[in-house]
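Structure file target_33.pdb (PDB, C-alpha atoms, pLDDT in the B column) follows.
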```pdb
ATOM      1  CA  MET A   1     -21.107  40.726  61.144  1.00 82.00           C
ATOM      2  CA  LYS A   2     -17.883  39.599  59.480  1.00 95.00           C
ATOM      3  CA  SER A   3     -16.161  36.428  60.632  1.00 95.00           C
ATOM      4  CA  LYS A   4     -13.185  38.235  62.218  1.00 96.00           C
ATOM      5  CA  GLU A   5     -15.509  40.448  64.254  1.00 96.00           C
ATOM      6  CA  PHE A   6     -17.479  37.400  65.350  1.00 97.00           C
ATOM      7  CA  ILE A   7     -14.320  35.642  66.539  1.00 97.00           C
ATOM      8  CA  LYS A   8     -12.908  38.689  68.344  1.00 96.00           C
ATOM      9  CA  ASN A   9     -16.218  39.169  70.178  1.00 96.00           C
ATOM     10  CA  LYS A  10     -16.233  35.518  71.239  1.00 96.00           C
ATOM     11  CA  LEU A  11     -12.581  35.667  72.319  1.00 96.00           C
ATOM     12  CA  ASN A  12     -13.280  38.758  74.423  1.00 95.00           C
ATOM     13  CA  TYR A  13     -16.132  36.884  76.080  1.00 95.00           C
ATOM     14  CA  LEU A  14     -13.943  33.802  76.697  1.00 93.00           C
ATOM     15  CA  HIS A  15     -11.187  35.923  78.220  1.00 93.00           C
ATOM     16  CA  SER A  16     -13.620  37.822  80.449  1.00 92.00           C
ATOM     17  CA  LYS A  17     -14.965  34.498  81.720  1.00 93.00           C
ATOM     18  CA  PHE A  18     -11.558  32.757  82.003  1.00 90.00           C
ATOM     19  CA  ASN A  19      -9.078  35.586  82.498  1.00 85.00           C
ATOM     20  CA  ASP A  20      -6.202  33.327  83.565  1.00 85.00           C
ATOM     21  CA  VAL A  21      -5.685  32.041  80.005  1.00 91.00           C
ATOM     22  CA  LYS A  22      -3.685  33.545  77.187  1.00 93.00           C
ATOM     23  CA  ILE A  23      -5.332  33.796  73.794  1.00 94.00           C
ATOM     24  CA  ARG A  24      -3.827  34.526  70.385  1.00 96.00           C
ATOM     25  CA  TYR A  25      -5.667  34.709  67.064  1.00 97.00           C
ATOM     26  CA  GLU A  26      -4.459  34.602  63.479  1.00 97.00           C
ATOM     27  CA  TYR A  27      -6.344  34.568  60.188  1.00 96.00           C
ATOM     28  CA  ARG A  28      -4.820  32.820  57.159  1.00 95.00           C
ATOM     29  CA  ALA A  29      -6.430  34.092  53.989  1.00 94.00           C
ATOM     30  CA  ASN A  30      -4.917  31.404  51.739  1.00 94.00           C
ATOM     31  CA  THR A  31      -6.891  28.660  53.528  1.00 94.00           C
ATOM     32  CA  TYR A  32      -9.734  30.798  54.942  1.00 94.00           C
ATOM     33  CA  SER A  33      -8.660  29.570  58.378  1.00 96.00           C
ATOM     34  CA  HIS A  34      -9.070  31.251  61.750  1.00 97.00           C
ATOM     35  CA  ILE A  35      -6.545  29.825  64.220  1.00 97.00           C
ATOM     36  CA  ILE A  36      -7.045  30.422  67.928  1.00 96.00           C
ATOM     37  CA  GLU A  37      -4.424  29.447  70.488  1.00 95.00           C
ATOM     38  CA  ILE A  38      -5.497  28.946  74.100  1.00 93.00           C
ATOM     39  CA  ILE A  39      -2.776  28.362  76.710  1.00 92.00           C
ATOM     40  CA  PRO A  40      -1.895  26.795  79.095  1.00 88.00           C
ATOM     41  CA  LEU A  41      -2.710  23.313  77.881  1.00 86.00           C
ATOM     42  CA  SER A  42      -3.660  22.184  81.404  1.00 83.00           C
ATOM     43  CA  PHE A  43      -6.537  24.681  81.437  1.00 80.00           C
ATOM     44  CA  PHE A  44      -7.603  23.695  77.944  1.00 71.00           C
ATOM     45  CA  GLU A  45      -7.799  19.991  78.859  1.00 75.00           C
ATOM     46  CA  LYS A  46      -9.335  20.076  82.340  1.00 82.00           C
ATOM     47  CA  ASN A  47     -11.999  22.783  82.224  1.00 88.00           C
ATOM     48  CA  LYS A  48     -15.316  21.258  81.161  1.00 91.00           C
ATOM     49  CA  GLU A  49     -17.150  24.603  81.133  1.00 92.00           C
ATOM     50  CA  TYR A  50     -14.530  26.027  78.758  1.00 92.00           C
ATOM     51  CA  MET A  51     -14.706  22.989  76.478  1.00 91.00           C
ATOM     52  CA  ILE A  52     -18.490  23.344  76.175  1.00 93.00           C
ATOM     53  CA  LEU A  53     -18.160  27.047  75.294  1.00 94.00           C
ATOM     54  CA  GLU A  54     -15.454  26.296  72.725  1.00 94.00           C
ATOM     55  CA  SER A  55     -17.675  23.679  71.121  1.00 95.00           C
ATOM     56  CA  GLU A  56     -20.603  26.120  70.992  1.00 96.00           C
ATOM     57  CA  ILE A  57     -18.397  28.775  69.375  1.00 96.00           C
ATOM     58  CA  GLU A  58     -17.223  26.275  66.743  1.00 96.00           C
ATOM     59  CA  GLU A  59     -20.775  25.194  65.921  1.00 97.00           C
ATOM     60  CA  GLU A  60     -22.078  28.750  65.678  1.00 97.00           C
ATOM     61  CA  PHE A  61     -19.113  29.826  63.537  1.00 97.00           C
ATOM     62  CA  GLU A  62     -19.489  26.879  61.155  1.00 97.00           C
ATOM     63  CA  SER A  63     -23.205  27.571  60.698  1.00 97.00           C
ATOM     64  CA  LYS A  64     -22.667  31.307  60.044  1.00 97.00           C
ATOM     65  CA  TYR A  65     -19.516  31.019  57.920  1.00 97.00           C
ATOM     66  CA  PRO A  66     -19.639  27.635  56.131  1.00 96.00           C
ATOM     67  CA  ASN A  67     -16.864  28.536  53.668  1.00 96.00           C
ATOM     68  CA  GLU A  68     -14.321  29.310  56.410  1.00 97.00           C
ATOM     69  CA  ASN A  69     -12.491  27.178  58.963  1.00 96.00           C
ATOM     70  CA  ILE A  70     -11.975  27.632  62.693  1.00 96.00           C
ATOM     71  CA  LEU A  71      -9.268  25.803  64.608  1.00 95.00           C
ATOM     72  CA  PHE A  72      -8.541  25.899  68.342  1.00 95.00           C
ATOM     73  CA  ILE A  73      -5.009  24.876  69.300  1.00 94.00           C
ATOM     74  CA  SER A  74      -2.811  24.853  72.382  1.00 90.00           C
ATOM     75  CA  GLU A  75       0.789  24.119  73.344  1.00 87.00           C
ATOM     76  CA  GLY A  76       2.392  21.347  71.320  1.00 86.00           C
ATOM     77  CA  ALA A  77      -0.062  21.538  68.412  1.00 88.00           C
ATOM     78  CA  LEU A  78       1.149  20.844  64.887  1.00 89.00           C
ATOM     79  CA  SER A  79      -0.325  24.149  63.712  1.00 90.00           C
ATOM     80  CA  GLU A  80       1.266  27.300  65.074  1.00 91.00           C
ATOM     81  CA  ILE A  81       0.471  30.978  65.147  1.00 93.00           C
ATOM     82  CA  TYR A  82       3.183  33.027  63.452  1.00 92.00           C
ATOM     83  CA  ASN A  83       1.653  36.494  63.150  1.00 93.00           C
ATOM     84  CA  PRO A  84      -1.089  37.018  65.725  1.00 94.00           C
ATOM     85  CA  GLU A  85      -3.401  39.865  64.894  1.00 95.00           C
ATOM     86  CA  TYR A  86      -5.202  39.738  68.231  1.00 94.00           C
ATOM     87  CA  LYS A  87      -3.952  38.807  71.712  1.00 94.00           C
ATOM     88  CA  LEU A  88      -5.554  38.638  75.138  1.00 92.00           C
ATOM     89  CA  GLY A  89      -3.820  37.941  78.437  1.00 89.00           C
ATOM     90  CA  TYR A  90      -0.352  38.984  77.300  1.00 84.00           C
ATOM     91  CA  ASN A  91       1.487  41.896  78.847  1.00 73.00           C
ATOM     92  CA  GLU A  92       2.675  44.134  76.064  1.00 55.00           C
ATOM     93  CA  LEU A  93       4.453  47.451  76.047  1.00 53.00           C
ATOM     94  CA  LYS A  94       4.675  49.428  72.824  1.00 52.00           C
ATOM     95  CA  LEU A  95       7.397  52.022  72.398  1.00 53.00           C
ATOM     96  CA  TYR A  96       7.743  54.398  69.496  1.00 53.00           C
ATOM     97  CA  ASN A  97      10.902  56.279  68.569  1.00 55.00           C
ATOM     98  CA  ASP A  98      10.156  59.474  66.604  1.00 56.00           C
ATOM     99  CA  ALA A  99      13.762  59.896  65.468  1.00 59.00           C
ATOM    100  CA  THR A 100      14.031  56.555  63.686  1.00 56.00           C
ATOM    101  CA  ASN A 101      10.378  55.712  62.968  1.00 55.00           C
ATOM    102  CA  ILE A 102      10.827  52.290  64.538  1.00 53.00           C
ATOM    103  CA  ASP A 103       8.127  50.614  66.605  1.00 52.00           C
ATOM    104  CA  TYR A 104       9.283  48.452  69.491  1.00 50.00           C
ATOM    105  CA  ASN A 105       7.123  45.782  71.078  1.00 53.00           C
ATOM    106  CA  VAL A 106       8.162  44.330  74.394  1.00 53.00           C
ATOM    107  CA  ASP A 107       6.197  41.213  75.317  1.00 54.00           C
ATOM    108  CA  GLY A 108       6.008  39.864  78.840  1.00 54.00           C
ATOM    109  CA  PHE A 109       7.423  42.794  80.760  1.00 53.00           C
ATOM    110  CA  ASN A 110       7.267  43.351  84.512  1.00 53.00           C
ATOM    111  CA  ASP A 111       8.028  46.167  86.938  1.00 54.00           C
ATOM    112  CA  ASN A 112      11.574  45.027  87.756  1.00 54.00           C
ATOM    113  CA  VAL A 113      14.419  46.768  85.949  1.00 51.00           C
ATOM    114  CA  GLU A 114      17.690  44.924  85.702  1.00 54.00           C
ATOM    115  CA  ILE A 115      20.846  46.649  84.523  1.00 50.00           C
ATOM    116  CA  GLN A 116      23.687  44.525  83.236  1.00 51.00           C
ATOM    117  CA  ASP A 117      27.266  45.475  82.354  1.00 52.00           C
ATOM    118  CA  SER A 118      26.868  49.163  83.042  1.00 51.00           C
ATOM    119  CA  ILE A 119      29.997  51.192  83.543  1.00 58.00           C
ATOM    120  CA  ILE A 120      29.909  54.780  84.665  1.00 57.00           C
ATOM    121  CA  TYR A 121      32.775  56.925  83.455  1.00 59.00           C
ATOM    122  CA  ALA A 122      33.282  60.137  85.388  1.00 58.00           C
ATOM    123  CA  LEU A 123      35.958  62.722  84.670  1.00 61.00           C
ATOM    124  CA  ALA A 124      37.318  64.819  87.461  1.00 59.00           C
ATOM    125  CA  ALA A 125      38.606  68.263  86.674  1.00 54.00           C
TER     126      ALA A 125
END
```

Represent the structure of the file as structure tokens.
Amino acid sequence: MKSKEFIKNKLNYLHSKFNDVKIRYEYRANTYSHIIEIIPLSFFEKNKEYMILESEIEEEFESKYPNENILFISEGALSEIYNPEYKLGYNELKLYNDATNIDYNVDGFNDNVEIQDSIIYALAA
């Protein structure tokens, strides 16, 4: 199993066990680093069961992939995720426009629609 597959499997397991957290993952090839963001920070700090699982994942990863790095971060960390390739716990809506070949991603949507500054012009004959 490749390292990315290993991490995605473990992240799926973590999210199934702790589904109230948000998880993002990014791989940086230049440093062979796998960065995993777990939020909110309050969950990350206070959940002993989670901390044990995270530690076990780190140990297993380091033994299987000794030439790569794994880093767990949360809010306020010096390292940041810029281009996540895998996310769990985020609402995401993907729209595709055939006419312009543009993909739209809408993160954090809900069922409420709010219309602002709409003016309806009607012509009477």

Explicit residue set for the PyMOL selection byres ((chain A and resi 3-15) around 8), as an MDAnalysis selection string
chainID A and resid 1:2 16:23 57 61 65 86 88:89

Output of the above residues as a short mmCIF file (atom, residue, chain, number, x, y, z; two decimals), keeping the file's coordinate frame, restricted to C-alpha atoms:
```cif
data_model
loop_
_atom_site.label_atom_id
_atom_site.label_comp_id
_atom_site.auth_asym_id
_atom_site.auth_seq_id
_atom_site.Cartn_x
_atom_site.Cartn_y
_atom_site.Cartn_z
CA MET A 1 -21.11 40.73 61.14
CA LYS A 2 -17.88 39.60 59.48
CA SER A 16 -13.62 37.82 80.45
CA LYS A 17 -14.96 34.50 81.72
CA PHE A 18 -11.56 32.76 82.00
CA ASN A 19 -9.08 35.59 82.50
CA ASP A 20 -6.20 33.33 83.56
CA VAL A 21 -5.68 32.04 80.00
CA LYS A 22 -3.68 33.54 77.19
CA ILE A 23 -5.33 33.80 73.79
CA ILE A 57 -18.40 28.78 69.38
CA PHE A 61 -19.11 29.83 63.54
CA TYR A 65 -19.52 31.02 57.92
CA TYR A 86 -5.20 39.74 68.23
CA LEU A 88 -5.55 38.64 75.14
CA GLY A 89 -3.82 37.94 78.44
#
```

Starting from the displayed file, determine the output of the PyMOL selection byres ((chain A and resi 25-41) around 8) and express the residue list as a PyMOL selection string.
chain A and resi 21-24+42-45+67-75+81-87

As an exercise, work out the distance from CA of Asn91 in chain A to CA of Gly76 in chain A in Å and give it to one decimal place.
21.9 Å

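In this model, the gap between CA of Glu58 in chain A and CA of Ala77 in chain A comes to 17.9 Å.
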
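Interatomic distance, CA of Lys64 in chain A against CA of Lys46 in chain A: 28.3 Å.
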